[in-house]
>>> print(open('structure05.tsv').read())   # TSV, C-alpha atoms and all ligand atoms
chain	number	residue	atom	x	y	z
A	1	MET	CA	41.12	-86.26	-64.94
A	2	PRO	CA	42.10	-82.84	-66.38
A	3	GLU	CA	39.25	-80.36	-66.75
A	4	GLU	CA	39.60	-80.20	-70.57
A	5	ASP	CA	39.01	-83.95	-70.77
A	6	LEU	CA	35.70	-83.62	-68.95
A	7	LYS	CA	34.46	-81.47	-71.79
A	8	ASP	CA	35.19	-84.21	-74.31
A	9	ASN	CA	31.94	-86.10	-74.54
A	10	SER	CA	33.05	-89.73	-74.72
A	11	THR	CA	35.58	-89.20	-71.96
A	12	PHE	CA	32.95	-87.48	-69.89
A	13	GLN	CA	30.52	-90.36	-70.35
A	14	LYS	CA	33.17	-92.82	-69.22
A	15	THR	CA	33.88	-90.66	-66.19
A	16	ALA	CA	30.16	-90.29	-65.49
A	17	VAL	CA	29.69	-94.06	-65.48
A	18	GLU	CA	32.63	-94.51	-63.11
A	19	LEU	CA	31.24	-91.86	-60.78
A	20	ILE	CA	27.73	-93.34	-60.88
A	21	GLU	CA	29.07	-96.80	-60.02
A	22	ALA	CA	30.94	-95.27	-57.08
A	23	ALA	CA	27.81	-93.38	-55.93
A	24	LEU	CA	25.72	-96.57	-56.10
A	25	ALA	CA	28.37	-98.42	-54.08
A	26	ALA	CA	28.52	-95.60	-51.51
A	27	ARG	CA	24.76	-95.76	-51.17
A	28	GLY	CA	25.23	-99.22	-49.68
A	29	SER	CA	26.88	-97.61	-46.64
A	30	ALA	CA	24.01	-95.18	-46.00
A	31	TYR	CA	22.93	-94.98	-42.39
A	32	ALA	CA	19.26	-94.12	-42.77
A	33	PRO	CA	17.25	-95.96	-40.09
A	34	TYR	CA	14.74	-93.11	-39.73
A	35	SER	CA	13.82	-92.21	-43.32
A	36	GLY	CA	14.76	-95.46	-45.03
A	37	TYR	CA	15.97	-93.26	-47.90
A	38	GLN	CA	19.53	-94.12	-48.92
A	39	VAL	CA	21.73	-91.75	-50.87
A	40	GLY	CA	25.21	-92.21	-52.31
A	41	ALA	CA	27.52	-89.62	-53.83
A	42	ALA	CA	30.88	-89.76	-55.60
A	43	LEU	CA	32.92	-86.58	-55.95
A	44	LEU	CA	35.68	-86.21	-58.55
A	45	THR	CA	38.53	-83.83	-57.72
A	46	GLY	CA	40.98	-82.07	-60.00
A	47	SER	CA	43.66	-84.36	-58.61
A	48	GLY	CA	41.75	-87.31	-60.14
A	49	ARG	CA	40.60	-88.82	-56.86
A	50	ILE	CA	37.06	-89.91	-56.16
A	51	TYR	CA	35.61	-89.35	-52.69
A	52	ARG	CA	32.50	-91.29	-51.77
A	53	GLY	CA	29.80	-90.18	-49.38
A	54	CYS	CA	26.51	-91.48	-47.99
A	55	ASN	CA	23.77	-89.96	-45.86
A	56	ILE	CA	24.29	-90.42	-42.14
A	57	GLU	CA	21.15	-89.87	-40.08
A	58	ASN	CA	20.78	-89.11	-36.40
A	59	ALA	CA	18.02	-89.59	-33.80
A	60	SER	CA	18.26	-85.81	-33.41
A	61	PHE	CA	17.16	-85.32	-37.01
A	62	GLY	CA	18.89	-81.97	-37.54
A	63	ALA	CA	22.26	-83.65	-37.01
A	64	THR	CA	21.77	-85.71	-40.19
A	65	ASN	CA	24.39	-85.27	-42.90
A	66	CYS	CA	23.52	-85.70	-46.57
A	67	ALA	CA	25.58	-87.90	-48.89
A	68	GLU	CA	26.86	-84.97	-50.95
A	69	ARG	CA	28.13	-83.10	-47.92
A	70	THR	CA	29.76	-86.23	-46.54
A	71	ALA	CA	31.71	-86.54	-49.80
A	72	PHE	CA	32.68	-82.86	-49.85
A	73	PHE	CA	33.72	-82.79	-46.20
A	74	LYS	CA	35.82	-85.93	-46.60
A	75	ALA	CA	37.60	-84.39	-49.60
A	76	VAL	CA	38.11	-80.94	-48.10
A	77	SER	CA	39.43	-82.49	-44.90
A	78	GLU	CA	42.01	-84.33	-47.01
A	79	GLY	CA	43.22	-81.07	-48.53
A	80	GLU	CA	41.32	-81.14	-51.83
A	81	GLU	CA	40.52	-77.71	-53.27
A	82	ASN	CA	39.53	-78.35	-56.87
A	83	PHE	CA	36.26	-80.12	-57.71
A	84	LEU	CA	35.07	-81.23	-61.15
A	85	ALA	CA	31.96	-83.37	-60.80
A	86	ILE	CA	29.68	-85.27	-58.43
A	87	ALA	CA	27.33	-88.19	-59.07
A	88	ILE	CA	24.30	-88.64	-56.83
A	89	SER	CA	21.98	-91.59	-56.53
A	90	GLY	CA	19.21	-92.09	-54.00
A	91	GLY	CA	16.07	-94.00	-53.27
A	92	LEU	CA	14.22	-96.14	-50.76
A	93	GLN	CA	16.21	-98.78	-48.92
A	94	ASP	CA	16.76	-102.14	-50.62
A	95	LYS	CA	15.42	-100.86	-53.92
A	96	LEU	CA	17.15	-99.53	-57.00
A	97	PRO	CA	16.70	-95.76	-57.38
A	98	MET	CA	13.28	-95.21	-58.96
A	99	GLU	CA	13.41	-91.41	-59.20
A	100	TYR	CA	16.14	-88.84	-59.73
A	101	ALA	CA	17.53	-87.70	-56.35
A	102	TYR	CA	18.26	-84.00	-56.67
A	103	PRO	CA	20.57	-82.39	-54.10
A	104	CYS	CA	18.91	-80.45	-51.29
A	105	GLY	CA	19.40	-76.71	-50.87
A	106	ILE	CA	21.99	-77.04	-48.12
A	107	CYS	CA	24.12	-79.36	-50.29
A	108	ARG	CA	23.85	-76.96	-53.24
A	109	GLN	CA	25.09	-74.20	-50.96
A	110	VAL	CA	28.05	-76.35	-49.84
A	111	MET	CA	28.87	-77.03	-53.50
A	112	LYS	CA	28.77	-73.26	-54.09
A	113	GLU	CA	31.38	-72.80	-51.37
A	114	PHE	CA	33.89	-75.18	-52.92
A	115	ALA	CA	33.08	-75.54	-56.64
A	116	GLY	CA	32.70	-73.26	-59.65
A	117	ASP	CA	29.66	-72.51	-61.79
A	118	ASP	CA	30.63	-75.22	-64.31
A	119	PHE	CA	30.90	-77.98	-61.68
A	120	GLN	CA	29.05	-81.00	-63.15
A	121	ILE	CA	26.22	-82.58	-61.16
A	122	ILE	CA	25.21	-86.03	-62.38
A	123	ILE	CA	21.87	-87.25	-61.06
A	124	ALA	CA	21.56	-90.95	-61.69
A	125	LYS	CA	19.04	-93.72	-61.44
A	126	GLY	CA	21.68	-96.04	-62.89
A	127	VAL	CA	24.63	-96.08	-65.28
A	128	ASN	CA	22.30	-95.89	-68.28
A	129	GLU	CA	19.87	-93.37	-66.88
A	130	TYR	CA	21.29	-90.08	-65.73
A	131	LYS	CA	21.02	-86.32	-66.18
A	132	VAL	CA	23.82	-83.78	-66.07
A	133	TYR	CA	23.53	-80.23	-64.81
A	134	THR	CA	26.01	-77.55	-63.84
A	135	LEU	CA	26.07	-75.93	-60.44
A	136	ALA	CA	24.93	-72.71	-62.13
A	137	ASP	CA	21.85	-74.62	-63.40
A	138	MET	CA	21.08	-75.94	-59.95
A	139	LEU	CA	21.84	-72.83	-57.94
A	140	PRO	CA	21.24	-69.71	-60.02
A	141	PHE	CA	21.73	-66.35	-58.31
A	142	GLY	CA	23.62	-68.12	-55.52
A	143	PHE	CA	25.22	-66.54	-52.51
A	144	GLY	CA	28.96	-67.19	-52.20
A	145	GLY	CA	32.19	-65.82	-50.85
A	146	GLY	CA	32.28	-63.21	-53.61
A	147	SER	CA	28.97	-61.79	-52.40
A	148	ILE	CA	30.47	-60.52	-49.15
A	149	GLN	CA	33.60	-58.90	-50.50
B	201	LIG	N1	19.49	-86.64	-48.34
B	201	LIG	C1	20.73	-86.66	-48.91
B	201	LIG	O1	21.59	-87.47	-48.55
B	201	LIG	N2	20.99	-85.78	-49.90
B	201	LIG	C2	20.13	-84.82	-50.34
B	201	LIG	O2	20.51	-83.97	-51.13
B	201	LIG	C3	18.75	-84.86	-49.89
B	201	LIG	C4	18.46	-85.72	-48.72
B	201	LIG	C5	19.21	-87.59	-47.25
B	201	LIG	C6	19.03	-86.94	-45.90
B	201	LIG	C7	18.17	-87.95	-45.18
B	201	LIG	O3	19.02	-88.92	-44.59
B	201	LIG	C8	17.37	-88.61	-46.28
B	201	LIG	O4	18.00	-88.28	-47.50
B	201	LIG	C9	15.92	-88.19	-46.33
B	201	LIG	O5	15.82	-86.81	-46.36
>>> encode(input="structure05.tsv", output="structure tokens", more="lines below")
Ligand code: THU
Amino acid sequence: MPEEDLKDNSTFQKTAVELIEAALAARGSAYAPYSGYQVGAALLTGSGRIYRGCNIENASFGATNCAERTAFFKAVSEGEENFLAIAISGGLQDKLPMEYAYPCGICRQVMKEFAGDDFQIIIAKGVNEYKVYTLADMLPFGFGGGSIQ
């Protein structure tokens, strides 16, 4: 999906729904035996591919990986460099998402590493209930590669 198309509203809504469906499906693979909180993410690249991710917990809690970072790391490891949008959906196991699942600070920082200020972040309870932010909305005054040049 070319970047210009994302700015067209009806096309964006269609893309958003596709990404939300993928995030909800990815949530089904969450490995969350400790928190019981399952998160799914679907990341759209400039090449038009969608990478899914889920949270993957660990008995050593600090080794847990969030859904968003799983999606980013899968994509980056496959050579992707251009990122347009991510959909995120989370909630307690075996229930539909009841609240909006906003990305944690570490995931926002990972987005900052690989995506631009206008990267679209779709936070969804379902295909008919979602909010859209940019990375600049979610991480103002961020620290990135440009900060250390
Ligand atoms: N989690 C995510 O997958 N993404 C976030 O942005 C916030 C938190 C996961 C980590 C852990 O498995 C569970 O949600 C509860 O914190």
>>> residues_near_ligand(input="structure05.tsv", ligand="ligand LIG 201 (chain B)", cutoff="9 Å", atoms="all atoms listed in the file", output="PDB file with C-alpha atoms, in the coordinates of the input")
ATOM      1  CA  ALA A  30      24.010 -95.180 -46.000  1.00  0.00           C
ATOM      2  CA  TYR A  31      22.930 -94.980 -42.390  1.00  0.00           C
ATOM      3  CA  ALA A  32      19.260 -94.120 -42.770  1.00  0.00           C
ATOM      4  CA  PRO A  33      17.250 -95.960 -40.090  1.00  0.00           C
ATOM      5  CA  TYR A  34      14.740 -93.110 -39.730  1.00  0.00           C
ATOM      6  CA  SER A  35      13.820 -92.210 -43.320  1.00  0.00           C
ATOM      7  CA  GLY A  36      14.760 -95.460 -45.030  1.00  0.00           C
ATOM      8  CA  TYR A  37      15.970 -93.260 -47.900  1.00  0.00           C
ATOM      9  CA  GLN A  38      19.530 -94.120 -48.920  1.00  0.00           C
ATOM     10  CA  VAL A  39      21.730 -91.750 -50.870  1.00  0.00           C
ATOM     11  CA  GLY A  40      25.210 -92.210 -52.310  1.00  0.00           C
ATOM     12  CA  ALA A  41      27.520 -89.620 -53.830  1.00  0.00           C
ATOM     13  CA  GLY A  53      29.800 -90.180 -49.380  1.00  0.00           C
ATOM     14  CA  CYS A  54      26.510 -91.480 -47.990  1.00  0.00           C
ATOM     15  CA  ASN A  55      23.770 -89.960 -45.860  1.00  0.00           C
ATOM     16  CA  ILE A  56      24.290 -90.420 -42.140  1.00  0.00           C
ATOM     17  CA  GLU A  57      21.150 -89.870 -40.080  1.00  0.00           C
ATOM     18  CA  ASN A  58      20.780 -89.110 -36.400  1.00  0.00           C
ATOM     19  CA  PHE A  61      17.160 -85.320 -37.010  1.00  0.00           C
ATOM     20  CA  THR A  64      21.770 -85.710 -40.190  1.00  0.00           C
ATOM     21  CA  ASN A  65      24.390 -85.270 -42.900  1.00  0.00           C
ATOM     22  CA  CYS A  66      23.520 -85.700 -46.570  1.00  0.00           C
ATOM     23  CA  ALA A  67      25.580 -87.900 -48.890  1.00  0.00           C
ATOM     24  CA  GLU A  68      26.860 -84.970 -50.950  1.00  0.00           C
ATOM     25  CA  ARG A  69      28.130 -83.100 -47.920  1.00  0.00           C
ATOM     26  CA  THR A  70      29.760 -86.230 -46.540  1.00  0.00           C
ATOM     27  CA  ILE A  88      24.300 -88.640 -56.830  1.00  0.00           C
ATOM     28  CA  SER A  89      21.980 -91.590 -56.530  1.00  0.00           C
ATOM     29  CA  GLY A  90      19.210 -92.090 -54.000  1.00  0.00           C
ATOM     30  CA  GLY A  91      16.070 -94.000 -53.270  1.00  0.00           C
ATOM     31  CA  ALA A 101      17.530 -87.700 -56.350  1.00  0.00           C
ATOM     32  CA  TYR A 102      18.260 -84.000 -56.670  1.00  0.00           C
ATOM     33  CA  PRO A 103      20.570 -82.390 -54.100  1.00  0.00           C
ATOM     34  CA  CYS A 104      18.910 -80.450 -51.290  1.00  0.00           C
ATOM     35  CA  GLY A 105      19.400 -76.710 -50.870  1.00  0.00           C
ATOM     36  CA  ILE A 106      21.990 -77.040 -48.120  1.00  0.00           C
ATOM     37  CA  CYS A 107      24.120 -79.360 -50.290  1.00  0.00           C
ATOM     38  CA  ARG A 108      23.850 -76.960 -53.240  1.00  0.00           C
TER      39      ARG A 108
END
>>> atom_distance(input="structure05.tsv", atom1="atom CA of Thr15 of chain A", atom2="atom CA of Gly142 of chain A")
27.0 Å
>>> residues_near_point(input="structure05.tsv", point="(34.3, -94.1, -53.0)", cutoff="8 Å", atoms="only C-alpha atoms", output="count of residues only")
9
>>> atom_distance(input="structure05.tsv", atom1="atom CA of Ile86 of chain A", atom2="atom CA of Gln109 of chain A")
14.1 Å
>>> axis_aligned_box(input="structure05.tsv", around="segment 36-51 of chain A", padding_each_side="3 Å", output="JSON")
{"center_x": 29.2, "center_y": -88.8, "center_z": -52.6, "size_x": 34.9, "size_y": 19.4, "size_z": 21.1}
>>> residues_around(input="structure05.tsv", residues="Glu78 of chain A", least_positions_apart="4", cutoff="12 Å", atoms="all atoms listed in the file", output="ChimeraX atom specification")
/A:45,47,49-51,71-74,82
>>> closest_residue(input="structure05.tsv", among="A:Leu19, A:Met98, A:Ile148, A:Ala85", to="Tyr133 of chain A", atoms="all atoms listed in the file")
A:Ala85
>>> residues_around(input="structure05.tsv", residues="Asn128 of chain A", least_positions_apart="3", cutoff="10 Å", atoms="only C-alpha atoms", output="mmCIF file with C-alpha atoms, in the coordinates of the input")
data_model
loop_
_atom_site.group_PDB
_atom_site.id
_atom_site.type_symbol
_atom_site.label_atom_id
_atom_site.label_comp_id
_atom_site.auth_asym_id
_atom_site.auth_seq_id
_atom_site.Cartn_x
_atom_site.Cartn_y
_atom_site.Cartn_z
ATOM 1 C CA VAL A 17 29.690 -94.060 -65.480
ATOM 2 C CA ILE A 20 27.730 -93.340 -60.880
ATOM 3 C CA ALA A 124 21.560 -90.950 -61.690
ATOM 4 C CA LYS A 125 19.040 -93.720 -61.440
ATOM 5 C CA LYS A 131 21.020 -86.320 -66.180
#
>>> atom_distance(input="structure05.tsv", atom1="atom CA of Ser147 of chain A", atom2="atom CA of Gly62 of chain A")
27.0 Å
>>> residues_near_point(input="structure05.tsv", point="(29.5, -66.0, -51.8)", cutoff="12 Å", atoms="all atoms listed in the file", output="list in words")
Gln109, Val110, Met111, Lys112, Glu113, Phe114, Ala115, Gly116, Asp117, Leu139, Phe141, Gly142, Phe143, Gly144, Gly145, Gly146, Ser147, Ile148 and Gln149 of chain A
>>> closest_residue(input="structure05.tsv", among="A:Thr11, A:Ala16, A:Ser29, A:Phe83", to="Tyr130 of chain A", atoms="only C-alpha atoms")
A:Ala16
>>> closest_residue(input="structure05.tsv", among="A:Leu43, A:Leu96, A:Val76, A:Ala63", to="Ile121 of chain A", atoms="all atoms listed in the file")
A:Leu43
>>> closest_residue(input="structure05.tsv", among="A:Gly48, A:Gly28, A:Gly126, A:Glu21", to="Asp94 of chain A", atoms="all atoms listed in the file")
A:Gly28
>>> closest_residue(input="structure05.tsv", among="A:Arg27, A:Gly79, A:Phe119, A:Ala136", to="Leu92 of chain A", atoms="only C-alpha atoms")
A:Arg27
>>> decode(input="structure05.tsv", residues="segment 134-147 of chain A", atoms="all heavy atoms", output="compact mmCIF listing (two decimals), in the first residue's frame")
# COMPACT_ATOMS: atom_id res chain seq x y z
N THR A 134 -0.66 9.16 15.59
CA THR A 134 0.65 9.04 14.95
C THR A 134 1.69 8.73 16.02
O THR A 134 1.44 8.92 17.23
CB THR A 134 1.06 10.36 14.25
OG1 THR A 134 1.19 11.37 15.25
CG2 THR A 134 0.03 10.78 13.21
N LEU A 135 2.86 8.32 15.55
CA LEU A 135 3.94 8.08 16.51
C LEU A 135 4.31 9.38 17.23
O LEU A 135 4.60 9.37 18.44
CB LEU A 135 5.17 7.49 15.80
CG LEU A 135 6.36 7.19 16.70
CD1 LEU A 135 5.99 6.27 17.87
CD2 LEU A 135 7.50 6.58 15.89
N ALA A 136 4.24 10.50 16.51
CA ALA A 136 4.54 11.79 17.16
C ALA A 136 3.54 12.10 18.28
O ALA A 136 3.90 12.68 19.30
CB ALA A 136 4.53 12.92 16.12
N ASP A 137 2.25 11.67 18.09
CA ASP A 137 1.27 11.84 19.17
C ASP A 137 1.67 11.02 20.40
O ASP A 137 1.54 11.46 21.53
CB ASP A 137 -0.12 11.29 18.76
CG ASP A 137 -0.78 12.07 17.64
OD1 ASP A 137 -0.52 13.28 17.53
OD2 ASP A 137 -1.57 11.45 16.89
N MET A 138 2.11 9.81 20.12
CA MET A 138 2.33 8.84 21.20
C MET A 138 3.68 8.97 21.86
O MET A 138 3.86 8.53 23.00
CB MET A 138 2.22 7.42 20.63
CG MET A 138 0.84 7.02 20.27
SD MET A 138 0.30 5.71 21.36
CE MET A 138 -1.44 5.81 21.15
N LEU A 139 4.64 9.55 21.13
CA LEU A 139 5.97 9.72 21.71
C LEU A 139 6.52 11.10 21.34
O LEU A 139 7.43 11.23 20.53
CB LEU A 139 6.91 8.61 21.22
CG LEU A 139 8.29 8.56 21.89
CD1 LEU A 139 8.18 8.30 23.38
CD2 LEU A 139 9.17 7.49 21.24
N PRO A 140 5.93 12.14 21.95
CA PRO A 140 6.46 13.48 21.68
C PRO A 140 7.82 13.66 22.34
O PRO A 140 8.11 13.00 23.34
CB PRO A 140 5.41 14.41 22.30
CG PRO A 140 4.76 13.60 23.36
CD PRO A 140 4.82 12.15 22.90
N PHE A 141 8.63 14.52 21.77
CA PHE A 141 9.97 14.79 22.32
C PHE A 141 10.78 13.51 22.49
O PHE A 141 11.49 13.32 23.48
CB PHE A 141 9.87 15.54 23.68
CG PHE A 141 8.99 16.75 23.64
CD1 PHE A 141 7.74 16.74 24.25
CD2 PHE A 141 9.39 17.89 22.96
CE1 PHE A 141 6.91 17.85 24.21
CE2 PHE A 141 8.57 19.01 22.91
CZ PHE A 141 7.32 18.99 23.53
N GLY A 142 10.65 12.60 21.52
CA GLY A 142 11.32 11.30 21.64
C GLY A 142 12.82 11.39 21.41
O GLY A 142 13.34 12.36 20.86
N PHE A 143 13.48 10.35 21.83
CA PHE A 143 14.93 10.23 21.66
C PHE A 143 15.17 9.21 20.55
O PHE A 143 14.73 8.07 20.64
CB PHE A 143 15.56 9.75 22.97
CG PHE A 143 17.07 9.71 22.93
CD1 PHE A 143 17.81 10.84 23.24
CD2 PHE A 143 17.75 8.55 22.58
CE1 PHE A 143 19.20 10.82 23.22
CE2 PHE A 143 19.13 8.50 22.55
CZ PHE A 143 19.86 9.64 22.87
N GLY A 144 15.88 9.65 19.49
CA GLY A 144 16.13 8.74 18.36
C GLY A 144 17.55 8.86 17.87
O GLY A 144 18.38 9.58 18.46
N GLY A 145 17.81 8.19 16.76
CA GLY A 145 19.15 8.20 16.19
C GLY A 145 19.66 9.62 15.93
O GLY A 145 20.85 9.90 16.13
N GLY A 146 18.73 10.49 15.50
CA GLY A 146 19.13 11.88 15.20
C GLY A 146 19.62 12.64 16.42
O GLY A 146 20.36 13.62 16.31
N SER A 147 19.21 12.18 17.60
CA SER A 147 19.57 12.88 18.84
C SER A 147 21.05 12.72 19.17
O SER A 147 21.58 13.48 19.97
CB SER A 147 18.75 12.33 20.02
OG SER A 147 17.39 12.27 19.71
